[in-house]
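Pasting upload.cif here (mmCIF, C-alpha atoms):
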```cif
data_input
loop_
_atom_site.label_atom_id
_atom_site.label_comp_id
_atom_site.auth_asym_id
_atom_site.auth_seq_id
_atom_site.Cartn_x
_atom_site.Cartn_y
_atom_site.Cartn_z
CA MET D 15 0.00 0.00 0.00
CA ASP D 16 2.82 2.39 0.88
CA ASN D 17 4.48 1.96 -2.51
CA GLY D 18 1.19 2.47 -4.31
CA SER D 19 0.37 5.53 -2.24
CA SER D 20 3.77 7.11 -2.81
CA SER D 21 3.57 6.56 -6.56
CA MET D 22 0.24 8.37 -6.90
CA PRO D 23 1.61 11.91 -6.26
CA GLN D 24 4.42 11.25 -8.76
CA LEU D 25 1.90 10.09 -11.38
CA SER D 26 -0.30 13.11 -10.67
CA GLN D 27 2.71 15.41 -11.03
CA SER D 28 3.61 13.84 -14.37
CA ILE D 29 0.06 14.22 -15.66
CA ARG D 30 0.12 17.92 -14.70
CA HIS D 31 3.07 18.41 -17.07
CA LEU D 32 1.41 16.81 -20.08
CA PRO D 33 -0.64 19.77 -21.44
CA GLY D 34 2.32 22.15 -21.42
CA ILE D 35 4.72 19.58 -22.88
CA ALA D 36 2.19 18.74 -25.60
CA LEU D 37 1.79 22.43 -26.48
CA SER D 38 5.58 22.86 -26.59
CA LEU D 39 5.84 19.89 -28.94
CA LEU D 40 3.06 21.33 -31.11
CA VAL D 41 4.91 24.65 -31.39
CA THR D 42 8.10 22.72 -32.16
CA LEU D 43 6.34 20.87 -34.97
CA ALA D 44 5.04 24.16 -36.36
CA ALA D 45 8.56 25.63 -36.28
CA VAL D 46 10.05 22.63 -38.09
CA MET D 47 7.32 22.76 -40.74
CA LEU D 48 7.84 26.50 -41.23
CA GLU D 49 11.56 25.93 -41.77
CA LYS D 50 10.77 23.28 -44.39
CA LEU D 51 8.32 25.69 -46.03
CA GLU D 52 11.03 28.36 -46.12
CA PHE D 53 13.41 25.98 -47.84
CA SER D 54 10.84 24.81 -50.38
CA VAL D 55 9.85 28.39 -51.30
CA PHE D 56 13.20 30.20 -51.14
CA GLY D 57 15.68 27.35 -51.45
CA HIS D 58 17.21 28.48 -48.18
CA SER D 59 16.17 28.62 -44.52
CA TRP D 60 16.52 32.24 -43.43
CA LEU D 61 15.26 31.45 -39.93
CA GLU D 62 16.24 28.17 -38.26
CA SER D 63 13.61 26.09 -36.48
CA LEU D 64 15.27 27.06 -33.18
CA VAL D 65 14.48 30.72 -33.79
CA LEU D 66 11.07 30.04 -35.30
CA ALA D 67 10.13 28.04 -32.21
CA ILE D 68 10.73 31.13 -30.06
CA VAL D 69 8.75 33.37 -32.41
CA VAL D 70 5.77 31.02 -32.72
CA GLY D 71 5.73 30.35 -28.97
CA THR D 72 5.83 34.06 -28.14
CA LEU D 73 3.03 34.81 -30.62
CA VAL D 74 0.86 32.07 -29.12
CA ARG D 75 1.44 33.27 -25.55
CA SER D 76 0.94 36.94 -26.41
CA THR D 77 -2.16 36.36 -28.53
CA PHE D 78 -4.11 33.84 -26.49
CA SER D 79 -4.83 33.65 -22.78
CA LEU D 80 -3.40 30.23 -21.98
CA HIS D 81 -4.96 28.33 -19.11
CA ARG D 82 -2.79 27.79 -16.04
CA ARG D 83 -2.82 24.04 -16.65
CA PHE D 84 -0.25 24.62 -19.40
CA ASP D 85 2.25 26.34 -17.09
CA PRO D 86 3.83 23.29 -15.34
CA GLY D 87 4.64 21.54 -18.61
CA ILE D 88 5.90 24.73 -20.27
CA ASP D 89 8.16 25.41 -17.30
CA PHE D 90 9.40 21.81 -17.36
CA SER D 91 10.17 22.01 -21.06
CA ALA D 92 11.86 25.40 -20.81
CA ARG D 93 14.08 24.41 -17.87
CA ILE D 94 14.58 20.67 -17.53
CA LEU D 95 14.62 19.79 -21.22
CA LEU D 96 17.01 22.61 -22.08
CA GLU D 97 19.28 21.58 -19.21
CA CYS D 98 19.28 18.02 -20.56
CA ALA D 99 20.13 19.43 -24.00
CA VAL D 100 23.11 21.28 -22.54
CA VAL D 101 24.33 18.14 -20.78
CA LEU D 102 24.21 16.17 -24.05
CA LEU D 103 26.04 18.99 -25.82
CA GLY D 104 29.03 18.24 -23.59
CA ALA D 105 29.67 15.16 -25.70
CA SER D 106 30.53 17.38 -28.67
CA ILE D 107 33.24 19.42 -26.92
CA SER D 108 36.53 18.10 -25.61
CA LEU D 109 38.85 19.41 -22.90
CA GLU D 110 41.29 20.11 -25.71
CA ALA D 111 38.90 22.83 -26.91
CA LEU D 112 38.84 24.33 -23.43
CA GLY D 113 42.61 24.27 -23.39
CA ARG D 114 42.68 26.10 -26.68
CA ALA D 115 40.48 28.80 -25.16
CA GLY D 116 43.39 29.69 -22.92
CA ALA D 117 43.70 31.30 -19.53
CA TRP D 118 43.55 34.80 -21.04
CA LEU D 119 40.09 34.17 -22.49
CA VAL D 120 38.81 32.76 -19.19
CA ALA D 121 40.23 35.77 -17.33
CA GLY D 122 38.79 38.11 -19.94
CA ILE D 123 35.31 36.59 -19.57
CA ALA D 124 35.49 36.94 -15.77
CA LEU D 125 36.61 40.57 -16.05
CA THR D 126 33.86 41.31 -18.60
CA VAL D 127 31.21 39.92 -16.25
CA VAL D 128 32.45 41.97 -13.29
CA VAL D 129 32.73 45.22 -15.26
CA SER D 130 29.34 44.61 -16.86
CA ILE D 131 27.68 44.12 -13.46
CA LEU D 132 29.19 47.35 -12.11
CA LEU D 133 28.28 49.41 -15.19
CA SER D 134 24.80 47.88 -15.47
CA TYR D 135 24.13 48.63 -11.80
CA TRP D 136 25.27 52.22 -12.34
CA VAL D 137 22.97 52.53 -15.37
CA GLY D 138 20.03 51.21 -13.37
CA ARG D 139 20.62 53.67 -10.56
CA ALA D 140 21.18 56.51 -13.04
CA VAL D 141 17.73 56.00 -14.61
CA GLY D 142 16.09 55.96 -11.18
CA LEU D 143 15.77 52.27 -10.30
CA PRO D 144 16.00 51.25 -6.62
CA PRO D 145 19.23 49.46 -5.62
CA LYS D 146 17.79 45.93 -5.45
CA LEU D 147 16.05 46.13 -8.82
CA ALA D 148 19.21 47.58 -10.37
CA THR D 149 21.19 44.68 -8.87
CA LEU D 150 18.80 42.09 -10.31
CA ILE D 151 18.99 43.58 -13.80
CA ALA D 152 22.77 43.90 -13.60
CA CYS D 153 23.27 40.26 -12.58
CA GLY D 154 20.69 38.92 -15.03
CA ASN D 155 22.17 40.93 -17.90
CA SER D 156 25.79 40.10 -17.13
CA ILE D 157 25.63 36.40 -16.28
CA CYS D 158 22.73 34.20 -17.34
CA GLY D 159 19.39 35.98 -17.37
CA ASN D 160 16.57 34.47 -15.33
CA SER D 161 18.79 31.95 -13.54
CA ALA D 162 21.02 34.71 -12.20
CA ILE D 163 18.01 36.78 -11.18
CA ALA D 164 16.45 33.82 -9.36
CA ALA D 165 19.72 33.10 -7.55
CA THR D 166 20.35 36.75 -6.67
CA ALA D 167 16.86 37.58 -5.39
CA PRO D 168 17.01 35.72 -2.04
CA VAL D 169 20.51 36.98 -1.30
CA ILE D 170 19.51 40.64 -1.54
CA ASP D 171 15.95 40.07 -0.27
CA ALA D 172 14.42 41.44 -3.47
CA LYS D 173 10.68 42.13 -3.72
CA PRO D 174 8.57 39.76 -5.85
CA ASP D 175 7.51 42.67 -8.09
CA ASP D 176 11.15 43.54 -8.76
CA VAL D 177 11.93 39.93 -9.61
CA ALA D 178 8.93 39.71 -11.97
CA ALA D 179 9.87 42.95 -13.76
CA SER D 180 13.49 41.86 -14.17
CA ILE D 181 12.57 38.44 -15.53
CA ALA D 182 9.96 39.87 -17.90
CA PHE D 183 12.37 42.18 -19.67
CA THR D 184 15.19 39.65 -19.61
CA ALA D 185 12.92 37.15 -21.36
CA VAL D 186 11.84 39.59 -24.07
CA LEU D 187 15.34 40.97 -24.63
CA GLY D 188 16.68 37.42 -24.78
CA VAL D 189 14.32 36.61 -27.63
CA ALA D 190 15.12 39.90 -29.39
CA VAL D 191 18.86 39.24 -29.14
CA VAL D 192 18.51 35.73 -30.58
CA LEU D 193 16.53 37.09 -33.52
CA GLY D 194 18.86 40.02 -34.11
CA MET D 195 22.27 38.36 -33.68
CA PRO D 196 22.55 36.82 -37.18
CA VAL D 197 21.57 40.17 -38.69
CA LEU D 198 24.20 41.92 -36.60
CA ASN D 199 26.81 39.45 -37.79
CA THR D 200 25.97 40.27 -41.40
CA VAL D 201 26.68 43.95 -40.69
CA ALA D 202 29.71 43.46 -38.42
CA GLY D 203 31.36 40.80 -40.57
CA LEU D 204 32.67 38.74 -37.66
CA SER D 205 34.34 35.40 -38.26
CA ASP D 206 32.64 32.24 -37.05
CA ILE D 207 34.86 32.11 -33.94
CA GLN D 208 34.44 35.83 -33.22
CA TYR D 209 30.68 35.58 -33.63
CA GLY D 210 30.53 32.55 -31.32
CA THR D 211 32.57 34.41 -28.72
CA PHE D 212 30.35 37.48 -29.01
CA ALA D 213 27.17 35.39 -28.70
CA GLY D 214 28.54 33.51 -25.69
CA LEU D 215 29.37 36.80 -23.97
CA THR D 216 26.10 38.61 -24.66
CA VAL D 217 23.22 36.14 -25.02
CA TYR D 218 21.46 35.37 -21.74
CA ALA D 219 20.75 31.63 -21.68
CA VAL D 220 22.75 28.65 -22.95
CA PRO D 221 20.01 27.39 -25.30
CA GLN D 222 19.61 30.91 -26.65
CA VAL D 223 23.30 30.80 -27.53
CA LEU D 224 22.60 27.64 -29.50
CA ALA D 225 19.74 29.36 -31.33
CA ALA D 226 21.84 32.46 -32.08
CA THR D 227 24.86 30.53 -33.35
CA ALA D 228 23.14 27.67 -35.20
CA PRO D 229 22.62 29.68 -38.43
CA ILE D 230 26.35 30.47 -38.59
CA GLY D 231 27.95 27.04 -38.21
CA ILE D 232 29.34 24.37 -35.90
CA ALA D 233 32.44 26.42 -34.99
CA SER D 234 30.22 29.24 -33.74
CA ILE D 235 28.02 26.81 -31.81
CA GLN D 236 30.95 25.19 -30.01
CA THR D 237 32.73 28.48 -29.32
CA GLY D 238 29.58 30.21 -28.14
CA THR D 239 28.61 27.35 -25.84
CA LEU D 240 32.06 27.12 -24.32
CA VAL D 241 32.28 30.87 -23.69
CA LYS D 242 28.74 30.96 -22.30
CA LEU D 243 29.40 28.10 -19.86
CA ILE D 244 32.53 29.83 -18.57
CA ARG D 245 30.38 32.94 -18.08
CA VAL D 246 27.70 30.92 -16.22
CA LEU D 247 30.35 29.63 -13.82
CA MET D 248 30.78 33.23 -12.64
CA LEU D 249 27.38 32.97 -10.95
CA GLY D 250 28.82 31.22 -7.90
CA PRO D 251 31.51 33.82 -7.09
CA VAL D 252 29.11 36.71 -7.77
CA ILE D 253 26.40 35.29 -5.48
CA PHE D 254 29.00 34.62 -2.80
CA ALA D 255 30.26 38.21 -3.07
CA LEU D 256 26.72 39.61 -2.85
CA GLY D 257 26.17 37.51 0.26
CA LEU D 258 29.24 39.05 1.87
CA ILE D 259 28.22 42.56 0.83
CA HIS D 260 24.79 42.12 2.38
CA GLY D 261 26.36 40.82 5.59
CA GLY D 262 24.69 37.43 5.56
CA ARG D 263 21.40 39.00 6.63
CA HIS D 264 19.41 37.30 3.93
CA GLN D 265 18.80 33.79 2.71
CA ARG D 266 21.77 32.14 1.05
CA PRO D 267 21.21 30.32 -2.24
CA SER D 268 21.69 26.58 -2.37
CA LEU D 269 24.71 24.96 -3.98
CA ARG D 270 22.59 23.95 -6.98
CA HIS D 271 21.99 27.65 -7.73
CA MET D 272 25.69 28.49 -7.62
CA VAL D 273 26.76 25.37 -9.54
CA PRO D 274 23.81 24.22 -11.68
CA TRP D 275 23.55 20.45 -12.15
CA PHE D 276 23.59 20.74 -15.94
CA ILE D 277 26.99 22.44 -15.81
CA VAL D 278 28.30 19.45 -13.86
CA GLY D 279 26.70 17.07 -16.35
CA PHE D 280 28.12 19.01 -19.28
CA ALA D 281 31.60 18.85 -17.72
CA LEU D 282 31.30 15.10 -17.12
CA LEU D 283 30.32 14.35 -20.72
CA MET D 284 33.04 16.68 -21.97
CA ALA D 285 35.56 14.76 -19.85
CA MET D 286 34.21 11.44 -21.15
CA ARG D 287 34.55 12.70 -24.74
CA SER D 288 38.12 13.78 -24.03
CA LEU D 289 38.97 10.34 -22.58
CA ASP D 290 37.34 8.54 -25.54
CA LEU D 291 34.79 6.92 -23.23
CA ILE D 292 31.91 7.77 -25.57
CA PRO D 293 31.67 5.45 -28.61
CA PRO D 294 32.15 7.42 -31.86
CA MET D 295 28.88 6.02 -33.23
CA ALA D 296 27.01 7.62 -30.32
CA LEU D 297 28.26 11.16 -30.94
CA ALA D 298 25.91 12.00 -33.82
CA PRO D 299 22.74 10.70 -32.08
CA LEU D 300 23.69 12.62 -28.92
CA ALA D 301 24.14 15.81 -30.94
CA GLU D 302 20.80 15.27 -32.70
CA ALA D 303 19.03 14.62 -29.39
CA SER D 304 20.57 17.77 -27.94
CA GLY D 305 19.41 19.77 -30.94
CA MET D 306 15.84 18.47 -30.80
CA LEU D 307 15.53 19.01 -27.05
CA THR D 308 16.81 22.54 -27.57
CA ILE D 309 14.10 23.30 -30.15
CA VAL D 310 11.40 22.06 -27.76
CA ALA D 311 12.95 24.14 -24.97
CA MET D 312 13.01 27.22 -27.17
CA ALA D 313 9.35 26.67 -28.04
CA ALA D 314 8.59 26.54 -24.31
CA LEU D 315 10.72 29.64 -23.76
CA GLY D 316 8.60 31.50 -26.31
CA LEU D 317 5.45 30.20 -24.61
CA SER D 318 6.75 31.76 -21.39
CA VAL D 319 6.99 35.26 -22.85
CA ASP D 320 3.89 37.45 -22.87
CA ILE D 321 4.74 40.77 -24.48
CA ARG D 322 1.55 42.27 -23.02
CA HIS D 323 2.78 41.72 -19.46
CA THR D 324 6.23 43.04 -20.28
CA ALA D 325 4.76 46.34 -21.45
CA ARG D 326 3.37 46.91 -17.96
CA ALA D 327 6.71 46.56 -16.18
CA GLY D 328 7.77 50.16 -16.71
CA GLY D 329 9.83 52.33 -19.01
CA ARG D 330 12.75 52.76 -16.62
CA VAL D 331 13.26 49.01 -16.29
CA MET D 332 13.18 48.64 -20.07
CA LEU D 333 15.62 51.51 -20.55
CA ALA D 334 18.05 50.12 -17.96
CA ALA D 335 17.89 46.61 -19.43
CA VAL D 336 18.46 47.78 -23.01
CA ILE D 337 21.36 50.11 -22.12
CA SER D 338 22.94 47.38 -19.98
CA LEU D 339 22.73 44.95 -22.86
CA LEU D 340 24.37 47.46 -25.20
CA VAL D 341 27.14 48.01 -22.63
CA LEU D 342 27.74 44.27 -22.44
CA GLY D 343 27.87 44.06 -26.23
CA GLY D 344 30.46 46.83 -26.35
CA LEU D 345 32.59 45.17 -23.67
CA SER D 346 32.41 41.88 -25.58
CA LEU D 347 33.66 43.47 -28.82
CA ILE D 348 36.50 45.13 -26.89
CA LEU D 349 37.53 41.78 -25.40
CA ILE D 350 37.49 40.12 -28.82
CA ALA D 351 39.73 42.89 -30.19
CA VAL D 352 42.12 42.91 -27.20
CA LEU D 353 42.60 39.13 -27.25
CA GLY D 354 42.97 39.13 -31.03
CA ILE D 355 40.44 36.31 -31.48
CA PRO D 356 40.63 35.27 -35.14
#
```
This entry written out as structure tokens:
Amino acid sequence: MDNGSSSMPQLSQSIRHLPGIALSLLVTLAAVMLEKLEFSVFGHSWLESLVLAIVVGTLVRSTFSLHRRFDPGIDFSARILLECAVVLLGASISLEALGRAGAWLVAGIALTVVVSILLSYWVGRAVGLPPKLATLIACGNSICGNSAIAATAPVIDAKPDDVAASIAFTAVLGVAVVLGMPVLNTVAGLSDIQYGTFAGLTVYAVPQVLAATAPIGIASIQTGTLVKLIRVLMLGPVIFALGLIHGGRHQRPSLRHMVPWFIVGFALLMAMRSLDLIPPMALAPLAEASGMLTIVAMAALGLSVDIRHTARAGGRVMLAAVISLLVLGGLSLILIAVLGIP
């Protein structure tokens, strides 16, 4: 009886996820079909299914009032599935690639994050935002978007309204950046490696980096992912520093916030790839699985963004977030030039 009773809540929890997962899969299917339609009409796919999934998902969320029953599955798809995709991506990158990145690049990424946080905080305060809201936007902009905001909030005892406003604009800007990055590359004329580095330094979430770099090529994908993961690892030191600054008065984040499990999983698969512990025949299926999970996650990400709600968050928040993003982009281009990345 005990085993049966304990399994019922788990089954109920799984059933709660089904509507949102099904909707995410439906949006994914629509994105894939639209990409095929693009190719059949133009002979070329101008927008990859990764990007189309975000666009379609955002349009659905912003056009229709989705019932709350969709939320658990959408959240599951946007977080857990994308984290699984990142873990599987570790099989495509070896420690040799990390070694090629070099200590100077790692140090440059760390310095960029710190400077970006300081400048973004100053921008937020300059446009009239309260200190805690400015801190949330600065950390979200400079490290990893919503994850950084969620980890920072309990440390600085941020208000729920401030957290909601920060996440809303981060989500919308994240989508805008993914859509605009390939266009920017056409104007800037960056090489595949430079573009991957720039995307890894500026795009908020790991799967968004995949979406932004996929149209350019595999070199951009691998470079962007590697740079982004190094940037994500800065979350731990930053949260620790904020805890010290605030004198330990507030709730400390758990270890899983400072070192996300998918980063550990990514590192393990990367190590296994480097030690030839993954059969060569498994590499392609792992990459394909990672790609498909990412598309579903991007569809769910789009389904999480309601442009109508974002418009209510306030002009000052929007101004601070946009300026902070531009500052981060400028810092990233400076780093690329200083390091002489080819």
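Distances to Leu132 in chain D were evaluated for D:Ser338, D:Ser91, D:Ser106, D:Ser318 using all atoms listed in the file, and the minimum falls at D:Ser338.
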Residues near range 231-241 of chain D, anyone? I mean within 10 Å using all atoms listed in the file, not counting same-chain ones fewer than 2 positions away, as a PyMOL selection string. chain D and resi 100+103-104+106-107+111-112+115+119-120+123+205-217+219-229+243-246
Dump as a compact mmCIF listing (two decimals), in the frame of the given file, selection limited to C-alpha atoms:
```
# COMPACT_ATOMS: atom_id res chain seq x y z
CA VAL D 100 23.11 21.28 -22.54
CA LEU D 103 26.04 18.99 -25.82
CA GLY D 104 29.03 18.24 -23.59
CA SER D 106 30.53 17.38 -28.67
CA ILE D 107 33.24 19.42 -26.92
CA ALA D 111 38.90 22.83 -26.91
CA LEU D 112 38.84 24.33 -23.43
CA ALA D 115 40.48 28.80 -25.16
CA LEU D 119 40.09 34.17 -22.49
CA VAL D 120 38.81 32.76 -19.19
CA ILE D 123 35.31 36.59 -19.57
CA SER D 205 34.34 35.40 -38.26
CA ASP D 206 32.64 32.24 -37.05
CA ILE D 207 34.86 32.11 -33.94
CA GLN D 208 34.44 35.83 -33.22
CA TYR D 209 30.68 35.58 -33.63
CA GLY D 210 30.53 32.55 -31.32
CA THR D 211 32.57 34.41 -28.72
CA PHE D 212 30.35 37.48 -29.01
CA ALA D 213 27.17 35.39 -28.70
CA GLY D 214 28.54 33.51 -25.69
CA LEU D 215 29.37 36.80 -23.97
CA THR D 216 26.10 38.61 -24.66
CA VAL D 217 23.22 36.14 -25.02
CA ALA D 219 20.75 31.63 -21.68
CA VAL D 220 22.75 28.65 -22.95
CA PRO D 221 20.01 27.39 -25.30
CA GLN D 222 19.61 30.91 -26.65
CA VAL D 223 23.30 30.80 -27.53
CA LEU D 224 22.60 27.64 -29.50
CA ALA D 225 19.74 29.36 -31.33
CA ALA D 226 21.84 32.46 -32.08
CA THR D 227 24.86 30.53 -33.35
CA ALA D 228 23.14 27.67 -35.20
CA PRO D 229 22.62 29.68 -38.43
CA LEU D 243 29.40 28.10 -19.86
CA ILE D 244 32.53 29.83 -18.57
CA ARG D 245 30.38 32.94 -18.08
CA VAL D 246 27.70 30.92 -16.22
```
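Ranking D:Ala124, D:Leu349, D:Ala67, D:Ala152 by their shortest atom-to-atom distance to Trp136 in chain D, with only C-alpha atoms included, puts D:Ala152 first.
Nearest-residue note for Asp171 in chain D: choosing from D:Leu150, D:Val74, D:Leu291, D:Met306, the minimum distance belongs to D:Leu150, counting all atoms listed in the file.
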Using the chain letters and numbers from the file, which residues does the PyMOL selection byres ((chain D and resi 44-57) around 9) grab, as a PyMOL selection string? chain D and resi 39-43+58-70+309+313
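The spacing separating CA of Ala314 in chain D from CA of Gly71 in chain D amounts to 6.7 Å.
The space between CA of Leu73 in chain D and CA of Leu193 in chain D spans 14.0 Å.
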